[in-house]
Structure formats: C-alpha cells, structure tokens
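A.B. asks: Supplied structure: entry-v2.cif, mmCIF, C-alpha atoms and all ligand atoms.
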data_target
#
loop_
_atom_site.group_PDB
_atom_site.id
_atom_site.type_symbol
_atom_site.label_atom_id
_atom_site.label_comp_id
_atom_site.auth_asym_id
_atom_site.auth_seq_id
_atom_site.Cartn_x
_atom_site.Cartn_y
_atom_site.Cartn_z
ATOM 1 C CA MET O 17 -87.624 117.124 -31.973
ATOM 2 C CA PRO O 18 -88.226 114.714 -34.901
ATOM 3 C CA ILE O 19 -91.649 114.513 -36.573
ATOM 4 C CA ASN O 20 -92.190 111.017 -37.976
ATOM 5 C CA GLU O 21 -94.725 109.897 -40.543
ATOM 6 C CA ASN O 22 -97.347 109.323 -37.836
ATOM 7 C CA PHE O 23 -97.071 112.955 -36.716
ATOM 8 C CA LEU O 24 -95.644 111.959 -33.350
ATOM 9 C CA LEU O 25 -93.826 114.942 -31.876
ATOM 10 C CA CYS O 26 -91.454 112.983 -29.701
ATOM 11 C CA PRO O 27 -88.369 110.784 -29.957
ATOM 12 C CA ASP O 28 -88.614 107.114 -30.976
ATOM 13 C CA MET O 29 -88.713 104.838 -27.958
ATOM 14 C CA ASP O 30 -85.660 103.010 -29.375
ATOM 15 C CA SER O 31 -83.571 106.187 -29.267
ATOM 16 C CA LEU O 32 -84.116 106.684 -25.522
ATOM 17 C CA PRO O 33 -81.786 105.159 -22.927
ATOM 18 C CA ARG O 34 -83.103 102.124 -21.070
ATOM 19 C CA ILE O 35 -84.474 103.179 -17.684
ATOM 20 C CA ASP O 36 -82.194 101.769 -15.000
ATOM 21 C CA PRO O 37 -83.282 100.758 -12.422
ATOM 22 C CA PRO O 38 -86.807 100.074 -13.717
ATOM 23 C CA LEU O 39 -89.382 102.744 -12.892
ATOM 24 C CA ARG O 40 -92.084 101.921 -10.305
ATOM 25 C CA ILE O 41 -95.301 103.403 -11.689
ATOM 26 C CA GLY O 42 -98.680 104.052 -10.080
ATOM 27 C CA VAL O 43 -101.595 104.833 -12.395
ATOM 28 C CA MET O 44 -104.742 106.851 -11.632
ATOM 29 C CA ALA O 45 -107.803 106.286 -13.831
ATOM 30 C CA SER O 46 -111.498 107.150 -13.705
ATOM 31 C CA GLY O 47 -112.987 105.392 -16.715
ATOM 32 C CA ASN O 48 -112.294 103.052 -19.586
ATOM 33 C CA GLY O 49 -108.590 102.559 -18.836
ATOM 34 C CA SER O 50 -107.313 102.056 -22.391
ATOM 35 C CA ASN O 51 -104.247 104.221 -21.668
ATOM 36 C CA PHE O 52 -103.611 102.297 -18.464
ATOM 37 C CA GLU O 53 -103.636 99.059 -20.489
ATOM 38 C CA ALA O 54 -101.386 100.513 -23.216
ATOM 39 C CA LEU O 55 -98.894 101.544 -20.546
ATOM 40 C CA VAL O 56 -98.941 98.109 -18.912
ATOM 41 C CA GLU O 57 -98.481 96.459 -22.335
ATOM 42 C CA SER O 58 -95.443 98.622 -23.064
ATOM 43 C CA THR O 59 -93.852 97.443 -19.813
ATOM 44 C CA LEU O 60 -94.697 93.791 -20.509
ATOM 45 C CA SER O 61 -93.185 93.996 -23.989
ATOM 46 C CA SER O 62 -90.078 95.506 -22.334
ATOM 47 C CA SER O 63 -90.137 98.554 -24.572
ATOM 48 C CA LEU O 64 -90.505 100.566 -21.336
ATOM 49 C CA ASN O 65 -88.290 99.312 -18.520
ATOM 50 C CA ALA O 66 -90.876 99.919 -15.812
ATOM 51 C CA LYS O 67 -93.528 98.141 -13.794
ATOM 52 C CA VAL O 68 -97.061 99.332 -13.125
ATOM 53 C CA GLU O 69 -97.298 98.400 -9.454
ATOM 54 C CA LEU O 70 -100.703 99.861 -8.632
ATOM 55 C CA LEU O 71 -103.858 101.245 -10.239
ATOM 56 C CA VAL O 72 -105.993 103.681 -8.232
ATOM 57 C CA VAL O 73 -109.548 104.390 -9.393
ATOM 58 C CA ASN O 74 -112.150 106.798 -8.005
ATOM 59 C CA ASN O 75 -115.162 104.997 -9.398
ATOM 60 C CA GLU O 76 -116.033 101.413 -8.562
ATOM 61 C CA CYS O 77 -117.821 100.879 -11.904
ATOM 62 C CA CYS O 78 -114.956 101.930 -14.139
ATOM 63 C CA PHE O 79 -113.760 99.500 -16.783
ATOM 64 C CA ALA O 80 -110.125 100.122 -15.797
ATOM 65 C CA ILE O 81 -110.766 97.709 -12.883
ATOM 66 C CA ASP O 82 -111.678 94.886 -15.301
ATOM 67 C CA ARG O 83 -108.473 95.556 -17.199
ATOM 68 C CA ALA O 84 -106.406 95.502 -13.974
ATOM 69 C CA LYS O 85 -107.900 92.132 -13.004
ATOM 70 C CA ARG O 86 -107.155 90.670 -16.451
ATOM 71 C CA LEU O 87 -103.601 92.072 -16.447
ATOM 72 C CA GLY O 88 -102.886 90.998 -12.871
ATOM 73 C CA ILE O 89 -102.255 94.540 -11.601
ATOM 74 C CA LYS O 90 -103.206 95.437 -8.019
ATOM 75 C CA TYR O 91 -105.872 98.100 -7.754
ATOM 76 C CA LEU O 92 -107.390 100.258 -5.025
ATOM 77 C CA LEU O 93 -110.597 102.282 -4.945
ATOM 78 C CA HIS O 94 -110.432 105.806 -3.518
ATOM 79 C CA ASP O 95 -113.917 107.140 -4.219
ATOM 80 C CA HIS O 96 -113.763 110.947 -4.122
ATOM 81 C CA ARG O 97 -117.292 110.977 -2.626
ATOM 82 C CA ASP O 98 -115.872 109.382 0.540
ATOM 83 C CA TYR O 99 -113.601 112.371 1.245
ATOM 84 C CA VAL O 100 -114.569 115.785 2.596
ATOM 85 C CA SER O 101 -112.176 117.644 0.282
ATOM 86 C CA ARG O 102 -109.773 117.199 -2.626
ATOM 87 C CA HIS O 103 -106.973 117.701 -0.122
ATOM 88 C CA GLU O 104 -108.149 114.730 1.999
ATOM 89 C CA LEU O 105 -108.482 112.528 -1.101
ATOM 90 C CA ASP O 106 -104.974 113.460 -2.194
ATOM 91 C CA LYS O 107 -103.580 112.673 1.272
ATOM 92 C CA ALA O 108 -105.085 109.174 0.993
ATOM 93 C CA LEU O 109 -103.656 108.777 -2.527
ATOM 94 C CA ILE O 110 -100.190 109.751 -1.284
ATOM 95 C CA GLN O 111 -100.384 107.177 1.484
ATOM 96 C CA SER O 112 -101.353 104.397 -0.958
ATOM 97 C CA PHE O 113 -98.654 105.295 -3.461
ATOM 98 C CA LYS O 114 -96.003 105.515 -0.731
ATOM 99 C CA GLU O 115 -97.029 102.092 0.600
ATOM 100 C CA PHE O 116 -96.342 100.659 -2.859
ATOM 101 C CA GLU O 117 -93.055 102.613 -3.136
ATOM 102 C CA ILE O 118 -94.283 104.352 -6.283
ATOM 103 C CA GLU O 119 -91.796 106.781 -7.878
ATOM 104 C CA CYS O 120 -93.980 108.152 -10.636
ATOM 105 C CA ILE O 121 -97.739 108.613 -10.987
ATOM 106 C CA VAL O 122 -99.434 108.521 -14.392
ATOM 107 C CA MET O 123 -102.862 110.152 -14.628
ATOM 108 C CA ALA O 124 -104.413 108.070 -17.410
ATOM 109 C CA GLY O 125 -107.877 109.554 -17.704
ATOM 110 C CA TRP O 126 -108.116 110.715 -14.058
ATOM 111 C CA MET O 127 -111.017 113.136 -14.290
ATOM 112 C CA ARG O 128 -110.433 114.978 -10.996
ATOM 113 C CA VAL O 129 -108.372 118.063 -10.281
ATOM 114 C CA VAL O 130 -105.350 117.221 -8.135
ATOM 115 C CA THR O 131 -104.110 119.574 -5.422
ATOM 116 C CA PRO O 132 -100.618 120.891 -4.603
ATOM 117 C CA THR O 133 -100.654 118.359 -1.741
ATOM 118 C CA LEU O 134 -100.224 115.506 -4.226
ATOM 119 C CA ILE O 135 -98.150 117.462 -6.763
ATOM 120 C CA ASN O 136 -95.582 118.651 -4.213
ATOM 121 C CA SER O 137 -95.372 115.294 -2.543
ATOM 122 C CA PHE O 138 -94.303 113.668 -5.835
ATOM 123 C CA ASN O 139 -91.852 116.411 -6.782
ATOM 124 C CA ASN O 140 -92.582 116.797 -10.522
ATOM 125 C CA ARG O 141 -93.033 113.067 -10.943
ATOM 126 C CA ILE O 142 -96.688 113.081 -11.971
ATOM 127 C CA ILE O 143 -97.551 112.701 -15.652
ATOM 128 C CA ASN O 144 -100.882 113.413 -17.371
ATOM 129 C CA ILE O 145 -102.284 112.602 -20.789
ATOM 130 C CA HIS O 146 -104.748 114.989 -22.391
ATOM 131 C CA PRO O 147 -106.677 114.703 -25.702
ATOM 132 C CA SER O 148 -105.564 117.956 -27.355
ATOM 133 C CA ILE O 149 -102.431 119.755 -28.438
ATOM 134 C CA LEU O 150 -101.900 121.742 -25.251
ATOM 135 C CA PRO O 151 -102.054 124.622 -24.521
ATOM 136 C CA SER O 152 -105.135 124.469 -26.807
ATOM 137 C CA PHE O 153 -108.328 123.128 -25.261
ATOM 138 C CA PRO O 154 -107.380 122.333 -21.646
ATOM 139 C CA GLY O 155 -110.003 121.031 -19.212
ATOM 140 C CA LEU O 156 -113.051 118.865 -19.828
ATOM 141 C CA ASN O 157 -114.492 118.012 -23.279
ATOM 142 C CA ALA O 158 -111.329 118.818 -25.228
ATOM 143 C CA ILE O 159 -112.479 116.805 -28.254
ATOM 144 C CA ASP O 160 -115.890 118.571 -28.388
ATOM 145 C CA LYS O 161 -114.123 121.910 -28.092
ATOM 146 C CA ALA O 162 -111.786 121.125 -31.025
ATOM 147 C CA LEU O 163 -114.748 120.070 -33.201
ATOM 148 C CA ALA O 164 -116.787 123.120 -32.205
ATOM 149 C CA PHE O 165 -113.909 125.490 -32.864
ATOM 150 C CA GLY O 166 -113.386 124.064 -36.337
ATOM 151 C CA VAL O 167 -109.639 123.536 -36.049
ATOM 152 C CA LYS O 168 -108.134 121.352 -38.781
ATOM 153 C CA VAL O 169 -105.729 119.492 -36.514
ATOM 154 C CA THR O 170 -105.833 118.428 -32.917
ATOM 155 C CA GLY O 171 -104.092 115.569 -31.093
ATOM 156 C CA CYS O 172 -102.849 114.617 -27.672
ATOM 157 C CA THR O 173 -100.230 115.658 -25.157
ATOM 158 C CA VAL O 174 -98.248 113.921 -22.419
ATOM 159 C CA HIS O 175 -96.953 116.380 -19.838
ATOM 160 C CA ILE O 176 -95.655 116.780 -16.304
ATOM 161 C CA VAL O 177 -98.432 117.898 -13.965
ATOM 162 C CA SER O 178 -98.218 121.366 -12.441
ATOM 163 C CA ALA O 179 -100.710 123.251 -10.273
ATOM 164 C CA GLU O 180 -102.793 124.641 -13.137
ATOM 165 C CA VAL O 181 -105.131 122.160 -14.877
ATOM 166 C CA ASP O 182 -103.629 120.512 -18.011
ATOM 167 C CA SER O 183 -100.456 122.553 -17.868
ATOM 168 C CA GLY O 184 -96.820 121.792 -17.153
ATOM 169 C CA PRO O 185 -93.741 120.822 -19.160
ATOM 170 C CA ILE O 186 -94.599 118.881 -22.326
ATOM 171 C CA LEU O 187 -92.970 115.473 -22.833
ATOM 172 C CA ALA O 188 -94.594 114.209 -26.042
ATOM 173 C CA GLN O 189 -97.345 115.218 -28.469
ATOM 174 C CA ALA O 190 -99.042 113.699 -31.495
ATOM 175 C CA VAL O 191 -100.964 115.544 -34.196
ATOM 176 C CA VAL O 192 -104.288 114.174 -35.484
ATOM 177 C CA PRO O 193 -106.000 115.781 -38.507
ATOM 178 C CA ILE O 194 -109.739 116.519 -38.300
ATOM 179 C CA PHE O 195 -111.638 115.388 -41.395
ATOM 180 C CA GLU O 196 -114.931 116.776 -42.761
ATOM 181 C CA HIS O 197 -116.828 113.603 -41.834
ATOM 182 C CA ASP O 198 -115.427 113.368 -38.292
ATOM 183 C CA ASN O 199 -117.694 113.165 -35.265
ATOM 184 C CA LYS O 200 -116.724 112.886 -31.621
ATOM 185 C CA GLN O 201 -116.453 109.082 -31.729
ATOM 186 C CA SER O 202 -114.326 108.866 -34.875
ATOM 187 C CA LEU O 203 -112.012 111.643 -33.729
ATOM 188 C CA ARG O 204 -111.664 110.231 -30.222
ATOM 189 C CA ARG O 205 -110.781 106.810 -31.690
ATOM 190 C CA ARG O 206 -107.945 108.283 -33.785
ATOM 191 C CA ILE O 207 -106.680 110.459 -30.908
ATOM 192 C CA GLN O 208 -106.634 107.478 -28.574
ATOM 193 C CA GLU O 209 -104.611 105.407 -31.070
ATOM 194 C CA GLN O 210 -101.947 108.098 -30.810
ATOM 195 C CA GLU O 211 -102.297 108.425 -27.033
ATOM 196 C CA HIS O 212 -101.449 104.757 -26.641
ATOM 197 C CA LYS O 213 -98.202 105.333 -28.569
ATOM 198 C CA ILE O 214 -97.043 108.561 -26.933
ATOM 199 C CA LEU O 215 -97.877 107.789 -23.297
ATOM 200 C CA PRO O 216 -95.063 105.223 -22.832
ATOM 201 C CA ILE O 217 -92.687 107.481 -24.794
ATOM 202 C CA GLY O 218 -93.557 110.466 -22.602
ATOM 203 C CA VAL O 219 -92.904 108.385 -19.491
ATOM 204 C CA ALA O 220 -89.534 107.275 -20.913
ATOM 205 C CA VAL O 221 -88.566 110.889 -21.722
ATOM 206 C CA ALA O 222 -89.349 111.959 -18.143
ATOM 207 C CA ALA O 223 -87.632 108.916 -16.646
ATOM 208 C CA GLU O 224 -84.409 109.735 -18.485
ATOM 209 C CA ARG O 225 -84.403 113.158 -16.777
ATOM 210 C CA TRP O 226 -85.257 111.707 -13.374
ATOM 211 C CA ARG O 227 -82.493 109.085 -13.537
ATOM 212 C CA LEU O 228 -79.973 111.841 -14.392
ATOM 213 C CA GLU O 229 -81.247 113.882 -11.427
ATOM 214 C CA ASP O 230 -80.919 110.808 -9.188
ATOM 215 C CA LEU O 231 -77.369 110.273 -10.411
ATOM 216 C CA SER O 232 -76.242 113.828 -9.793
ATOM 217 C CA ARG O 233 -77.878 113.788 -6.341
ATOM 218 C CA ASP O 234 -76.067 110.527 -5.468
ATOM 219 C CA ASN O 235 -72.770 112.004 -6.685
ATOM 220 C CA MET O 236 -73.213 114.998 -4.402
ATOM 221 C CA CYS O 237 -73.642 112.800 -1.312
HETATM 222 C C1 LIG X 1 -108.032 109.957 -22.628
HETATM 223 O O1 LIG X 1 -108.412 110.342 -23.917
HETATM 224 C C2 LIG X 1 -107.299 111.077 -21.919
HETATM 225 O O2 LIG X 1 -106.576 111.872 -22.785
HETATM 226 C C3 LIG X 1 -108.442 111.833 -21.296
HETATM 227 O O3 LIG X 1 -109.331 110.849 -20.855
HETATM 228 C C4 LIG X 1 -109.271 109.752 -21.749
HETATM 229 C C5 LIG X 1 -109.192 108.470 -20.954
HETATM 230 O O4 LIG X 1 -109.305 107.359 -21.799
HETATM 231 N N1 LIG X 1 -108.000 112.690 -20.214
HETATM 232 C C6 LIG X 1 -108.448 113.911 -20.015
HETATM 233 O O5 LIG X 1 -109.319 114.419 -20.684
HETATM 234 C C7 LIG X 1 -107.781 114.638 -18.845
HETATM 235 N N2 LIG X 1 -107.973 116.042 -18.946
HETATM 236 P P1 LIG X 1 -108.977 105.914 -21.248
HETATM 237 O O6 LIG X 1 -109.742 105.752 -19.939
HETATM 238 O O7 LIG X 1 -109.490 104.977 -22.312
HETATM 239 O O8 LIG X 1 -107.511 105.813 -21.054
#
Take the structure in this file and express it as structure tokens.
Ligand code: GAR
C.D. replies:
Amino acid sequence: MPINENFLLCPDMDSLPRIDPPLRIGVMASGNGSNFEALVESTLSSSLNAKVELLVVNNECCFAIDRAKRLGIKYLLHDHRDYVSRHELDKALIQSFKEFEIECIVMAGWMRVVTPTLINSFNNRIINIHPSILPSFPGLNAIDKALAFGVKVTGCTVHIVSAEVDSGPILAQAVVPIFEHDNKQSLRRRIQEQEHKILPIGVAVAAERWRLEDLSRDNMC
C-alpha cells in the first residue's frame, strides 16, 4: 500500500479501475454532512463513477439536509425516536434503500449503532468513516480520546461495516499528526480534510472488489 506525501494510506484514485456500471450509493448521516457533500462532489467531478441516489438522516435539524437540497439529492428522514427498536429502524432503512435500488450504503457520520438486520441485508456493502486510525479509539468521541491519550498521530479510517462497532475490513486510512497546540476543533478540522479525500477512494476500492464478485457470479450462471 503506497504512502504518499499527505500520509494517505490508500491507492491514488487514478490508479483504480473505473467502476462499471456506475455504483448506486445511499448515504446515512446524522449531522453536519461534510463527508456526504465530499462524496457527492467526487461523483459530480467524475473521479468516482457513482451516483448518490439518496440521503437518509435521523435528525430533522441536521445540516446534511441543507446540503442535500443545495446539491439536488433526494433525502428521507427516519427519526430513530419514531421506532420501538434499532431493528425496526433498520427494517425501515432497508425498505427505503431497496426502493431506490441502492447497492452500497455509506455511513457518513451516522451516529447510531446498526444491527445485523441492516448489515446482512446489504451483504458487506456498507461502508463507514471514523475519525481515528482503527482499531485505536473506536466508538464515540474518538478525537477527544486521542487528545486525552496523548498519542502523537491519529487520523481517519474508511472500512466495511461488520457487527462490532467501528470494526470490519479496512479500505483506506490517512494519518494526521497531533501538534502541541492542537485542540479538538483544530484536530477535527485537519482530520476532516483527510476524510474528504479518503472516503471516495475507500468507496472505489470496495467497488472494484464488488464488481469482480459480480463478474464471477455472472460467469457462474
Ligand atoms: C466524521 O468525522 C466521521 O468520521 C464521524 O462523524 C463525523 C461526521 O462529520 N463518524 C463517527 O464518529 C462514527 N463513529 P460530517 O457530518 O461533517 O461528515
């Protein structure tokens, strides 16, 4: 795996095969939505041959909705407080994503635990982004934890979602140094700059594998 001068631990987007046919992506977000926007931008600039067909949010006040409106992306609200269990919420999410013929879900700041109901239904085609070098600092408040621990580097990880929180096969990582003067805001800003670069690359890495799987399945039929 090459390490370039930006400390991205992933291939260059240009070195990856073009995704064919284009990937139909659904995004889940709970908050600001900057990763959602970065992903949409990478599809609009054609660096990622994919289309974000749907955004699902769980919070009607989240800024990701404003971004979806500006970018012309359809969005749906599934407020977790309207469901009796995580399982019921995930069943509703599955139905929405199936209606939009989504092949791959990207959790871009989705701050809820997902259940095996959703994970199994999408057959290893759910991707998450997390603000640490996993397996360090999984779960909530990863940036606070890195600062409190006193580590000298942290970063971000794009990975396939498995049943355990913030675990699963890693697709892309970026390293971010922690400086003496850093606080949560300054560190988060630098981590997010890297997140916006590695999220589309992580999706492209996974899509290459999925298209090969699709091909070998078609050849067996
Ligand atoms: C991102 O930093 C992402 O890594 C993190 O939430 C932020 C969302 O930012 N996700 C997690 O902590 C998941 N465990 P955004 O709304 O601006 O994309």
A.B. asks: Give the answer as one residue: which of O:Met236, O:Ala223, O:Cys77, O:Leu187 has the shortest atom-to-atom distance to Pro37 (chain O), using only C-alpha atoms?
C.D. replies: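 Among the listed residues, O:Ala223 lies closest to Pro37 (chain O).
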A.B. asks: Write out as number ranges by chain each polymer residue (protein, DNA or RNA) that has an atom no more than 8 Å from ligand LIG 1 (chain X), with only C-alpha atoms and all ligand atoms counted.
C.D. replies: O: 45-53, 80, 123-127, 144-148, 154-158, 172-173, 181-182, 204, 207-208, 211
A.B. asks: Using CA of Leu231 (chain O) and CA of Arg40 (chain O) as the two end points, give the distance in Å to one decimal.
C.D. replies: 16.9 Å
A.B. asks: So which residues get picked by the PyMOL selection byres (((chain O and resi 31-34) around 9) and not hetatm) here, written as a PyMOL selection string?
C.D. replies: chain O and resi 27-30+35-38+63-65+217+220-221+224
A.B. asks: Considering only C-alpha atoms, can you say which of O:Gln189, O:Phe116, O:Glu209, O:Asn75 comes closest to Arg97 (chain O)?
C.D. replies: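 With only C-alpha atoms as the atom set, the closest residue is O:Asn75.
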A.B. asks: What does the structure give for the distance between CA of Cys120 (chain O) and CA of Arg83 (chain O), in Å to one decimal?
C.D. replies: 20.3 Å
A.B. asks: Taking all atoms listed in the file into account, which of O:Arg86, O:Arg128, O:Arg227, O:Lys114 comes nearest Ser101 (chain O)?
C.D. replies: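 Nearest candidate to Ser101 (chain O) out of O:Arg86, O:Arg128, O:Arg227, O:Lys114: O:Arg128.
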A.B. asks: Give me the residues near Lys200 (chain O) as number ranges by chain, where near means some atom within 12 Å (using all atoms listed in the file) and where sequence neighbours in that chain fewer than 2 positions away do not count.
C.D. replies: O: 147, 157-164, 194-198, 202-208
A.B. asks: So what do you get for CA of His175 (chain O) versus CA of Glu119 (chain O), distance-wise?
C.D. replies: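 A separation of 16.2 Å between them.
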A.B. asks: Between O:Lys213, O:Arg225, O:Lys107, O:Arg233, which one has atoms that come closest to Leu24 (chain O), using all atoms listed in the file?
C.D. replies: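 Nearest candidate to Leu24 (chain O) out of O:Lys213, O:Arg225, O:Lys107, O:Arg233: O:Lys213.
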A.B. asks: When the PyMOL selection byres (((chain O and resi 43) around 6) and not hetatm) is applied to the file above, which residues end up in the set, as a list in words?
C.D. replies: Gly42, Met44, Leu71, Ile121, Val122 and Met123 of chain O
A.B. asks: Check the smallest atom-to-atom distance from each of O:Asn74, O:Ala179, O:Phe153, O:Gln111 to Val130 (chain O) using only C-alpha atoms, then report the winner.
C.D. replies: O:Ala179
A.B. asks: Extract, using all atoms listed in the file, all DNA, RNA and protein residues at most 7 Å from Lys90 (chain O), discarding same-chain residues fewer than 5 positions from it, and format them as a VMD selection string.
C.D. replies: chain O and resid 69 to 71 84
A.B. asks: Between O:Ile143, O:Arg102, O:Pro151, O:Gln201, which has the minimum distance to Val174 (chain O) (counting only C-alpha atoms)?
C.D. replies: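 Nearest to Val174 (chain O): O:Ile143.
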A.B. asks: Using the chain letters and numbers from the file, which residues does the PyMOL selection byres (((chain O and resi 134) around 8) and not hetatm) grab, as a VMD selection string?
C.D. replies: chain O and resid 106 to 107 109 to 110 130 to 133 135 to 138
A.B. asks: For region 90-102 of chain O, take all atoms listed in the file, fit an axis-aligned box around them, add 5 Å to each of the six sides, then output centre and edge lengths in Å rounded to one decimal, as lines of an AutoDock Vina configuration file.
C.D. replies:
center_x = -110.2
center_y = 106.5
center_z = -2.7
size_x = 24.1
size_y = 32.2
size_z = 20.6
